[in-house]
Structure formats: structure tokens, C-alpha cells
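Source file: run_10.cif (mmCIF, C-alpha atoms, pLDDT in the B column; chains and numbers go by the auth columns)
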```
data_query
loop_
_atom_site.group_PDB
_atom_site.id
_atom_site.type_symbol
_atom_site.label_atom_id
_atom_site.label_comp_id
_atom_site.label_asym_id
_atom_site.label_seq_id
_atom_site.Cartn_x
_atom_site.Cartn_y
_atom_site.Cartn_z
_atom_site.B_iso_or_equiv
_atom_site.auth_seq_id
_atom_site.auth_asym_id
ATOM 1 C CA MET A 1 -19.283 -7.672 -11.478 28.00 1 A
ATOM 2 C CA ASP A 2 -18.848 -4.313 -13.180 31.00 2 A
ATOM 3 C CA LYS A 3 -15.525 -2.617 -12.610 30.00 3 A
ATOM 4 C CA VAL A 4 -15.759 0.580 -10.641 31.00 4 A
ATOM 5 C CA ILE A 5 -13.788 3.605 -11.807 32.00 5 A
ATOM 6 C CA TYR A 6 -12.211 5.287 -8.814 34.00 6 A
ATOM 7 C CA LEU A 7 -11.424 8.983 -8.986 35.00 7 A
ATOM 8 C CA PHE A 8 -9.280 10.767 -6.453 39.00 8 A
ATOM 9 C CA ARG A 9 -8.978 14.514 -6.168 40.00 9 A
ATOM 10 C CA LYS A 10 -5.465 15.752 -6.581 43.00 10 A
ATOM 11 C CA VAL A 11 -4.067 19.227 -6.391 40.00 11 A
ATOM 12 C CA GLY A 12 -4.627 20.630 -9.872 39.00 12 A
ATOM 13 C CA GLY A 13 -7.078 17.933 -10.992 42.00 13 A
ATOM 14 C CA GLU A 14 -8.076 14.324 -10.526 51.00 14 A
ATOM 15 C CA MET A 15 -6.034 11.174 -10.183 65.00 15 A
ATOM 16 C CA ARG A 16 -7.613 8.026 -11.553 76.00 16 A
ATOM 17 C CA ILE A 17 -6.994 4.684 -9.913 75.00 17 A
ATOM 18 C CA GLU A 18 -5.311 3.653 -13.167 82.00 18 A
ATOM 19 C CA SER A 19 -2.703 6.382 -12.598 90.00 19 A
ATOM 20 C CA ILE A 20 -1.972 5.052 -9.133 93.00 20 A
ATOM 21 C CA GLU A 21 -1.756 1.492 -10.491 94.00 21 A
ATOM 22 C CA GLU A 22 0.707 2.708 -13.153 94.00 22 A
ATOM 23 C CA LYS A 23 2.807 4.578 -10.592 95.00 23 A
ATOM 24 C CA ALA A 24 3.016 1.415 -8.463 95.00 24 A
ATOM 25 C CA LYS A 25 3.860 -0.717 -11.509 94.00 25 A
ATOM 26 C CA ASP A 26 6.602 1.735 -12.527 94.00 26 A
ATOM 27 C CA THR A 27 7.965 1.638 -8.972 95.00 27 A
ATOM 28 C CA ILE A 28 8.071 -2.167 -9.063 95.00 28 A
ATOM 29 C CA GLU A 29 9.852 -2.186 -12.422 93.00 29 A
ATOM 30 C CA LYS A 30 12.361 0.451 -11.378 94.00 30 A
ATOM 31 C CA TYR A 31 13.172 -0.646 -7.835 93.00 31 A
ATOM 32 C CA SER A 32 12.243 -4.282 -7.173 86.00 32 A
ATOM 33 C CA PHE A 33 14.084 -6.114 -9.981 77.00 33 A
ATOM 34 C CA ASN A 34 11.420 -8.847 -10.235 76.00 34 A
ATOM 35 C CA GLU A 35 11.649 -9.752 -6.553 87.00 35 A
ATOM 36 C CA PHE A 36 8.578 -11.505 -5.253 91.00 36 A
ATOM 37 C CA PRO A 37 6.947 -10.866 -2.950 95.00 37 A
ATOM 38 C CA ILE A 38 7.714 -7.169 -3.204 95.00 38 A
ATOM 39 C CA ASP A 39 9.873 -5.897 -0.347 96.00 39 A
ATOM 40 C CA PRO A 40 8.825 -2.317 0.463 97.00 40 A
ATOM 41 C CA VAL A 41 11.822 -1.851 2.785 96.00 41 A
ATOM 42 C CA LYS A 42 14.245 -2.518 -0.080 96.00 42 A
ATOM 43 C CA ILE A 43 12.365 -0.041 -2.276 96.00 43 A
ATOM 44 C CA ALA A 44 12.514 2.587 0.482 96.00 44 A
ATOM 45 C CA LEU A 45 16.253 2.067 0.928 96.00 45 A
ATOM 46 C CA LYS A 46 16.862 2.259 -2.827 96.00 46 A
ATOM 47 C CA VAL A 47 15.277 5.718 -2.952 95.00 47 A
ATOM 48 C CA GLY A 48 17.163 6.857 0.141 95.00 48 A
ATOM 49 C CA ILE A 49 14.377 6.540 2.720 95.00 49 A
ATOM 50 C CA ALA A 50 15.316 5.030 6.076 95.00 50 A
ATOM 51 C CA VAL A 51 12.792 2.703 7.726 95.00 51 A
ATOM 52 C CA ARG A 52 12.653 2.636 11.507 91.00 52 A
ATOM 53 C CA ASP A 53 10.845 0.245 13.872 89.00 53 A
ATOM 54 C CA VAL A 54 9.643 2.370 16.783 83.00 54 A
ATOM 55 C CA GLN A 55 7.370 2.259 19.783 81.00 55 A
ATOM 56 C CA PHE A 56 4.677 4.888 19.324 72.00 56 A
ATOM 57 C CA LYS A 57 2.747 6.407 22.173 67.00 57 A
ATOM 58 C CA ASP A 58 -0.985 5.918 21.844 62.00 58 A
ATOM 59 C CA ILE A 59 -2.856 8.999 20.704 57.00 59 A
ATOM 60 C CA ALA A 60 -6.381 9.414 22.045 52.00 60 A
ATOM 61 C CA GLU A 61 -6.450 5.716 23.015 52.00 61 A
ATOM 62 C CA ASP A 62 -5.586 4.746 19.454 57.00 62 A
ATOM 63 C CA SER A 63 -2.389 3.128 18.238 68.00 63 A
ATOM 64 C CA VAL A 64 -0.268 4.626 15.500 71.00 64 A
ATOM 65 C CA CYS A 65 0.748 2.201 12.753 80.00 65 A
ATOM 66 C CA GLY A 66 3.194 4.414 10.916 82.00 66 A
ATOM 67 C CA GLY A 67 4.273 7.697 9.517 83.00 67 A
ATOM 68 C CA ILE A 68 6.631 9.394 7.121 86.00 68 A
ATOM 69 C CA ILE A 69 8.598 12.473 7.998 83.00 69 A
ATOM 70 C CA LYS A 70 10.500 14.727 5.627 83.00 70 A
ATOM 71 C CA GLU A 71 12.995 17.155 7.114 79.00 71 A
ATOM 72 C CA ASN A 72 14.868 19.135 4.485 76.00 72 A
ATOM 73 C CA GLU A 73 16.130 16.417 2.116 78.00 73 A
ATOM 74 C CA SER A 74 16.022 13.589 4.672 84.00 74 A
ATOM 75 C CA ILE A 75 13.002 11.274 4.660 88.00 75 A
ATOM 76 C CA GLU A 76 12.250 8.544 7.192 90.00 76 A
ATOM 77 C CA ILE A 77 9.421 6.039 7.519 91.00 77 A
ATOM 78 C CA TYR A 78 8.426 4.899 10.994 90.00 78 A
ATOM 79 C CA VAL A 79 6.465 1.704 11.688 91.00 79 A
ATOM 80 C CA ASN A 80 5.028 0.355 14.905 87.00 80 A
ATOM 81 C CA LYS A 81 7.424 -2.323 16.091 88.00 81 A
ATOM 82 C CA TYR A 82 4.554 -4.233 17.730 88.00 82 A
ATOM 83 C CA ASP A 83 2.529 -4.648 14.524 89.00 83 A
ATOM 84 C CA PRO A 84 2.633 -8.010 12.715 92.00 84 A
ATOM 85 C CA ILE A 85 4.944 -8.221 9.690 94.00 85 A
ATOM 86 C CA ASN A 86 2.102 -8.077 7.131 94.00 86 A
ATOM 87 C CA ARG A 87 0.792 -4.886 8.771 92.00 87 A
ATOM 88 C CA LYS A 88 4.297 -3.394 8.742 94.00 88 A
ATOM 89 C CA ARG A 89 4.741 -4.247 5.050 96.00 89 A
ATOM 90 C CA PHE A 90 1.453 -2.536 4.165 95.00 90 A
ATOM 91 C CA THR A 91 2.281 0.467 6.351 93.00 91 A
ATOM 92 C CA ILE A 92 5.662 0.910 4.659 95.00 92 A
ATOM 93 C CA ALA A 93 4.066 0.548 1.209 96.00 93 A
ATOM 94 C CA HIS A 94 1.402 3.087 2.250 94.00 94 A
ATOM 95 C CA GLU A 95 4.057 5.572 3.370 93.00 95 A
ATOM 96 C CA LEU A 96 5.925 5.001 0.100 95.00 96 A
ATOM 97 C CA GLY A 97 2.640 5.903 -1.574 94.00 97 A
ATOM 98 C CA HIS A 98 2.786 9.314 0.085 90.00 98 A
ATOM 99 C CA TYR A 99 6.332 9.697 -1.243 91.00 99 A
ATOM 100 C CA PHE A 100 5.793 8.476 -4.823 93.00 100 A
ATOM 101 C CA LEU A 101 2.430 10.241 -5.223 91.00 101 A
ATOM 102 C CA GLY A 102 3.970 13.581 -4.236 87.00 102 A
ATOM 103 C CA HIS A 103 2.089 14.106 -0.974 82.00 103 A
ATOM 104 C CA LEU A 104 5.201 15.362 0.797 79.00 104 A
ATOM 105 C CA GLU A 105 5.836 18.276 -1.550 70.00 105 A
ATOM 106 C CA ASN A 106 3.875 20.846 0.454 57.00 106 A
ATOM 107 C CA LYS A 107 4.327 19.546 3.974 60.00 107 A
ATOM 108 C CA GLY A 108 6.923 17.798 5.986 55.00 108 A
ATOM 109 C CA GLU A 109 5.110 14.945 7.630 56.00 109 A
ATOM 110 C CA CYS A 110 2.239 12.529 7.420 56.00 110 A
ATOM 111 C CA ILE A 111 1.214 10.428 10.421 53.00 111 A
ATOM 112 C CA ASP A 112 -1.314 7.638 9.919 51.00 112 A
ATOM 113 C CA LEU A 113 -3.548 6.426 12.713 48.00 113 A
ATOM 114 C CA HIS A 114 -5.672 3.293 13.183 41.00 114 A
ATOM 115 C CA ARG A 115 -8.801 5.440 13.203 44.00 115 A
ATOM 116 C CA ASP A 116 -10.916 7.534 10.902 45.00 116 A
ATOM 117 C CA ILE A 117 -8.930 10.323 9.363 47.00 117 A
ATOM 118 C CA ASN A 118 -10.211 13.834 9.023 48.00 118 A
ATOM 119 C CA ASN A 119 -11.764 14.892 5.722 47.00 119 A
ATOM 120 C CA GLU A 120 -8.834 17.144 4.880 53.00 120 A
ATOM 121 C CA ASN A 121 -6.459 14.178 4.598 64.00 121 A
ATOM 122 C CA LYS A 122 -8.914 11.452 3.583 79.00 122 A
ATOM 123 C CA ILE A 123 -8.197 11.682 -0.156 83.00 123 A
ATOM 124 C CA ILE A 124 -4.431 11.367 0.198 85.00 124 A
ATOM 125 C CA GLU A 125 -4.846 8.474 2.644 85.00 125 A
ATOM 126 C CA ILE A 126 -7.102 6.645 0.165 88.00 126 A
ATOM 127 C CA GLN A 127 -4.542 7.297 -2.567 91.00 127 A
ATOM 128 C CA ALA A 128 -1.695 5.988 -0.385 91.00 128 A
ATOM 129 C CA ASN A 129 -3.731 2.858 0.437 92.00 129 A
ATOM 130 C CA ALA A 130 -4.454 2.293 -3.261 94.00 130 A
ATOM 131 C CA PHE A 131 -0.743 2.650 -4.026 96.00 131 A
ATOM 132 C CA ALA A 132 0.204 0.204 -1.246 96.00 132 A
ATOM 133 C CA ALA A 133 -2.297 -2.375 -2.522 97.00 133 A
ATOM 134 C CA ALA A 134 -1.069 -1.985 -6.107 97.00 134 A
ATOM 135 C CA LEU A 135 2.568 -2.193 -5.022 97.00 135 A
ATOM 136 C CA LEU A 136 2.279 -5.284 -2.817 97.00 136 A
ATOM 137 C CA MET A 137 -0.437 -7.007 -4.866 97.00 137 A
ATOM 138 C CA GLU A 138 0.391 -6.136 -8.472 95.00 138 A
ATOM 139 C CA LYS A 139 -2.768 -6.302 -10.563 95.00 139 A
ATOM 140 C CA ASN A 140 -1.671 -8.690 -13.338 94.00 140 A
ATOM 141 C CA ARG A 141 -0.006 -11.114 -10.941 95.00 141 A
ATOM 142 C CA VAL A 142 -3.057 -11.186 -8.646 97.00 142 A
ATOM 143 C CA GLU A 143 -5.450 -11.694 -11.562 97.00 143 A
ATOM 144 C CA TYR A 144 -3.325 -14.506 -13.038 97.00 144 A
ATOM 145 C CA SER A 145 -2.879 -16.246 -9.670 97.00 145 A
ATOM 146 C CA PHE A 146 -6.566 -15.900 -8.781 97.00 146 A
ATOM 147 C CA LYS A 147 -7.724 -17.340 -12.114 96.00 147 A
ATOM 148 C CA THR A 148 -5.189 -20.184 -11.935 97.00 148 A
ATOM 149 C CA LEU A 149 -6.354 -21.234 -8.458 97.00 149 A
ATOM 150 C CA LYS A 150 -9.992 -20.898 -9.518 96.00 150 A
ATOM 151 C CA LYS A 151 -9.372 -23.205 -12.511 97.00 151 A
ATOM 152 C CA VAL A 152 -8.026 -25.963 -10.296 96.00 152 A
ATOM 153 C CA GLY A 153 -11.066 -25.804 -8.036 96.00 153 A
ATOM 154 C CA PHE A 154 -10.124 -23.626 -5.076 97.00 154 A
ATOM 155 C CA SER A 155 -13.001 -21.866 -3.323 96.00 155 A
ATOM 156 C CA ASN A 156 -12.869 -18.067 -3.150 96.00 156 A
ATOM 157 C CA GLU A 157 -12.096 -18.299 0.577 96.00 157 A
ATOM 158 C CA ASN A 158 -9.160 -20.647 0.006 97.00 158 A
ATOM 159 C CA ILE A 159 -7.924 -18.536 -2.904 97.00 159 A
ATOM 160 C CA ILE A 160 -7.797 -15.495 -0.615 97.00 160 A
ATOM 161 C CA LEU A 161 -5.844 -17.453 2.000 97.00 161 A
ATOM 162 C CA GLU A 162 -3.373 -18.835 -0.548 97.00 162 A
ATOM 163 C CA LEU A 163 -2.870 -15.470 -2.244 98.00 163 A
ATOM 164 C CA SER A 164 -2.381 -13.696 1.079 97.00 164 A
ATOM 165 C CA LYS A 165 0.445 -16.136 1.881 97.00 165 A
ATOM 166 C CA LEU A 166 1.942 -15.840 -1.602 97.00 166 A
ATOM 167 C CA PHE A 167 1.917 -12.021 -1.598 97.00 167 A
ATOM 168 C CA ALA A 168 2.777 -11.740 2.141 97.00 168 A
ATOM 169 C CA VAL A 169 -0.242 -9.593 2.981 97.00 169 A
ATOM 170 C CA SER A 170 -3.180 -10.058 5.317 94.00 170 A
ATOM 171 C CA ALA A 171 -6.201 -12.021 4.137 96.00 171 A
ATOM 172 C CA SER A 172 -8.361 -8.912 4.590 95.00 172 A
ATOM 173 C CA ALA A 173 -6.037 -6.838 2.364 95.00 173 A
ATOM 174 C CA MET A 174 -6.089 -9.549 -0.305 97.00 174 A
ATOM 175 C CA ASN A 175 -9.862 -9.924 -0.075 97.00 175 A
ATOM 176 C CA LEU A 176 -10.306 -6.181 -0.621 96.00 176 A
ATOM 177 C CA ARG A 177 -7.829 -6.222 -3.518 96.00 177 A
ATOM 178 C CA VAL A 178 -9.529 -9.056 -5.418 97.00 178 A
ATOM 179 C CA GLN A 179 -12.906 -7.402 -4.886 95.00 179 A
ATOM 180 C CA LYS A 180 -11.651 -4.063 -6.231 94.00 180 A
ATOM 181 C CA LEU A 181 -10.159 -5.884 -9.215 95.00 181 A
ATOM 182 C CA GLY A 182 -13.583 -7.394 -9.886 95.00 182 A
ATOM 183 C CA LEU A 183 -12.453 -10.983 -9.412 95.00 183 A
ATOM 184 C CA MET A 184 -15.166 -11.794 -6.851 89.00 184 A
#
```

What does the file become when written as C-alpha cells?
Amino acid sequence: MDKVIYLFRKVGGEMRIESIEEKAKDTIEKYSFNEFPIDPVKIALKVGIAVRDVQFKDIAEDSVCGGIIKENESIEIYVNKYDPINRKRFTIAHELGHYFLGHLENKGECIDLHRDINNENKIIEIQANAFAAALLMEKNRVEYSFKTLKKVGFSNENIILELSKLFAVSASAMNLRVQKLGLM
């Protein structure tokens, strides 16, 4: 399968997926100290961001999975306390994406919903998702683990299940990650 080059618009130019991968890798090296699986809560706390489990009110019959709010110099991430742990981990990593990719510079808050987002915010949401995937499922580690399991005879389906357990993410998130990395 040919690798796809992803381009994201960014204020003042474009951001390539490779840039997002590098930003996530730098974040891992700087804040996770080789912990595995990556703990996005610990990273948030190390950069001074509080993480709060909250009960959101549904908006337009849709549930909110998380958000990040910046007020002056204080930043807090909120996650839906009813979501499963893997969903919470991805939500926190996604919100950290908004922080590390500079999405909070011009506005104070970013609320993410379990529904289609408007076109105005779609690019930054895609970028934050790419960051979250790269943070929780670091490219080199996923590629190595995938190839190792493939060598010993695991089917693609079983590889996805094993990797999702290993990286503490959902099977659907892992499936999407290995596809985007061109492993399947």
C-alpha cells in the first residue's frame, strides 16, 4: 500500500503529518520518560494542565467527550466521566494535541463533540486526532510490534486486538493507526 501524505492547513501555511508525528515524538521524549503505555494524564500534569472527570450535559442529543479550556494562564482538560478508559485516554491526548499544536493561542476554549464538527474547526480537530494517535501509538513502536506479531503468524485481526491491549487504546483506534501507517 502506498503511503499517503497528509497535509493540514495551519495559520501561516501547511502542517504535514510528519510535523505532527515529530511534535508527538518530542512530547513523549520530553514528558513520558520511556513510560509505556503513554499516560496522557501524567503528561498533562507535567505541563501544568489539570485533568477533570466531569458529567457533561448532552448538547443537541449528542454527548460531549471532552474539552480544553484556557483562562488567562490556567488550562484545564475535561473528560466525560462515563466514557470508557480508552476513550478518556484518547480524549486527553486529543486535547493535549490542541495545546501542543498551538490551537489555544487565539482562543480560550475548544469543546469536542461526538458528532461532525463544523468546517471552521475541522482542520484543527483532524490535527488534534493525528497528534493523539501519534502520542498514544508511537509510529516506530507500532511498526515494530506489528511486524513482530506478523512474523510469528498472527492474523491482522488478532494483531489489532493485541496491539490495542498493549497500547491501551480501542481496537478501532489501533486499526485506523496501522492503516494510516501503511501496515495493512

Convert the output of the PyMOL selection byres ((chain A and resi 92) around 9) on the shown file into explicit residues, formatted as a ChimeraX atom specification.
-> /A:40-41,44,51,66-68,77-79,87-91,93-97,132

Skip Glu73 (chain A) itself and residues of its chain fewer than 3 positions away, then list as an mmCIF file with C-alpha atoms, keeping the file's coordinate frame all residues within 12 Å of it, counting only C-alpha atoms.
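Listing of result-v1.cif after writing:
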```cif
data_model
loop_
_atom_site.group_PDB
_atom_site.id
_atom_site.type_symbol
_atom_site.label_atom_id
_atom_site.label_comp_id
_atom_site.auth_asym_id
_atom_site.auth_seq_id
_atom_site.Cartn_x
_atom_site.Cartn_y
_atom_site.Cartn_z
ATOM 1 C CA VAL A 47 15.277 5.718 -2.952
ATOM 2 C CA GLY A 48 17.163 6.857 0.141
ATOM 3 C CA ILE A 49 14.377 6.540 2.720
ATOM 4 C CA ILE A 69 8.598 12.473 7.998
ATOM 5 C CA LYS A 70 10.500 14.727 5.627
ATOM 6 C CA GLU A 76 12.250 8.544 7.192
ATOM 7 C CA LEU A 104 5.201 15.362 0.797
ATOM 8 C CA GLU A 105 5.836 18.276 -1.550
ATOM 9 C CA GLY A 108 6.923 17.798 5.986
#
```

How many Å separate CA of Cys65 (chain A) from CA of Ser172 (chain A)?
->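 Those two atoms sit 16.5 Å apart.
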
Between A:Asp53, A:Glu35, A:Asp26, A:Glu162, which is the closest to Ser145 (chain A) once you count only C-alpha atoms?
-> A:Glu162

Any idea what the distance is between CA of Thr148 (chain A) and CA of Ser19 (chain A)?
->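 Answer for the CA of Thr148 (chain A) to CA of Ser19 (chain A) separation: 26.7 Å.
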
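Of the residues under consideration (A:Asn129, A:Ser74, A:Asn158, A:Ser170), A:Asn129 shows the shortest atom-to-atom contact distance to Ala24 (chain A) when counting only C-alpha atoms.
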
What separation in Å, quoted to one decimal, exists between CA of Glu18 (chain A) and CA of Leu45 (chain A)?
->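 Going from CA of Glu18 (chain A) over to CA of Leu45 (chain A), I get 25.8 Å.
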
Contact residues around Val169 (chain A) with only C-alpha atoms at 10 Å, ignoring same-chain residues under 5 positions, as a ChimeraX atom specification | /A:37,85-90,133,136-137,161,163-164,174

Next, the residues of the selection above should be written as a PDB file, in the coordinates of the input with C-alpha atoms.
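So again35.pdb came out as:
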```pdb
ATOM      1  CA  PRO A  37       6.947 -10.866  -2.950  1.00 95.00           C
ATOM      2  CA  ILE A  85       4.944  -8.221   9.690  1.00 94.00           C
ATOM      3  CA  ASN A  86       2.102  -8.077   7.131  1.00 94.00           C
ATOM      4  CA  ARG A  87       0.792  -4.886   8.771  1.00 92.00           C
ATOM      5  CA  LYS A  88       4.297  -3.394   8.742  1.00 94.00           C
ATOM      6  CA  ARG A  89       4.741  -4.247   5.050  1.00 96.00           C
ATOM      7  CA  PHE A  90       1.453  -2.536   4.165  1.00 95.00           C
ATOM      8  CA  ALA A 133      -2.297  -2.375  -2.522  1.00 97.00           C
ATOM      9  CA  LEU A 136       2.279  -5.284  -2.817  1.00 97.00           C
ATOM     10  CA  MET A 137      -0.437  -7.007  -4.866  1.00 97.00           C
ATOM     11  CA  LEU A 161      -5.844 -17.453   2.000  1.00 97.00           C
ATOM     12  CA  LEU A 163      -2.870 -15.470  -2.244  1.00 98.00           C
ATOM     13  CA  SER A 164      -2.381 -13.696   1.079  1.00 97.00           C
ATOM     14  CA  MET A 174      -6.089  -9.549  -0.305  1.00 97.00           C
TER      15      MET A 174
END
```

Could you rebuild region 140-158 of chain A with N, CA and C atoms and give it back as a compact mmCIF listing (two decimals), in the frame of the given file?
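The result, written out as result.txt:
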```txt
# COMPACT_ATOMS: atom_id res chain seq x y z
N ASN A 140 -1.75 -7.57 -12.40
CA ASN A 140 -1.67 -8.69 -13.34
C ASN A 140 -1.31 -10.00 -12.64
N ARG A 141 -0.42 -9.91 -11.67
CA ARG A 141 -0.01 -11.11 -10.94
C ARG A 141 -1.15 -11.66 -10.08
N VAL A 142 -1.91 -10.76 -9.45
CA VAL A 142 -3.06 -11.19 -8.65
C VAL A 142 -4.11 -11.82 -9.54
N GLU A 143 -4.43 -11.15 -10.65
CA GLU A 143 -5.45 -11.69 -11.56
C GLU A 143 -5.05 -13.07 -12.08
N TYR A 144 -3.80 -13.22 -12.51
CA TYR A 144 -3.32 -14.51 -13.04
C TYR A 144 -3.40 -15.59 -11.95
N SER A 145 -2.90 -15.28 -10.77
CA SER A 145 -2.88 -16.25 -9.67
C SER A 145 -4.29 -16.63 -9.25
N PHE A 146 -5.17 -15.64 -9.17
CA PHE A 146 -6.57 -15.90 -8.78
C PHE A 146 -7.22 -16.85 -9.79
N LYS A 147 -7.10 -16.52 -11.07
CA LYS A 147 -7.72 -17.34 -12.11
C LYS A 147 -7.13 -18.74 -12.16
N THR A 148 -5.83 -18.87 -11.94
CA THR A 148 -5.19 -20.18 -11.94
C THR A 148 -5.73 -21.05 -10.80
N LEU A 149 -5.83 -20.48 -9.60
CA LEU A 149 -6.35 -21.23 -8.46
C LEU A 149 -7.84 -21.56 -8.64
N LYS A 150 -8.56 -20.66 -9.26
CA LYS A 150 -9.99 -20.90 -9.52
C LYS A 150 -10.16 -22.07 -10.49
N LYS A 151 -9.31 -22.12 -11.52
CA LYS A 151 -9.37 -23.20 -12.51
C LYS A 151 -9.16 -24.58 -11.90
N VAL A 152 -8.30 -24.66 -10.90
CA VAL A 152 -8.03 -25.96 -10.30
C VAL A 152 -8.98 -26.29 -9.16
N GLY A 153 -9.98 -25.46 -8.95
CA GLY A 153 -11.07 -25.80 -8.04
C GLY A 153 -11.03 -25.21 -6.64
N PHE A 154 -10.15 -24.26 -6.39
CA PHE A 154 -10.12 -23.63 -5.08
C PHE A 154 -11.38 -22.78 -4.88
N SER A 155 -11.89 -22.77 -3.66
CA SER A 155 -13.00 -21.87 -3.32
C SER A 155 -12.44 -20.45 -3.20
N ASN A 156 -13.32 -19.46 -3.29
CA ASN A 156 -12.87 -18.07 -3.15
C ASN A 156 -12.16 -17.85 -1.81
N GLU A 157 -12.70 -18.45 -0.75
CA GLU A 157 -12.10 -18.30 0.58
C GLU A 157 -10.68 -18.87 0.61
N ASN A 158 -10.50 -20.04 0.03
CA ASN A 158 -9.16 -20.65 0.01
C ASN A 158 -8.22 -19.91 -0.93
```
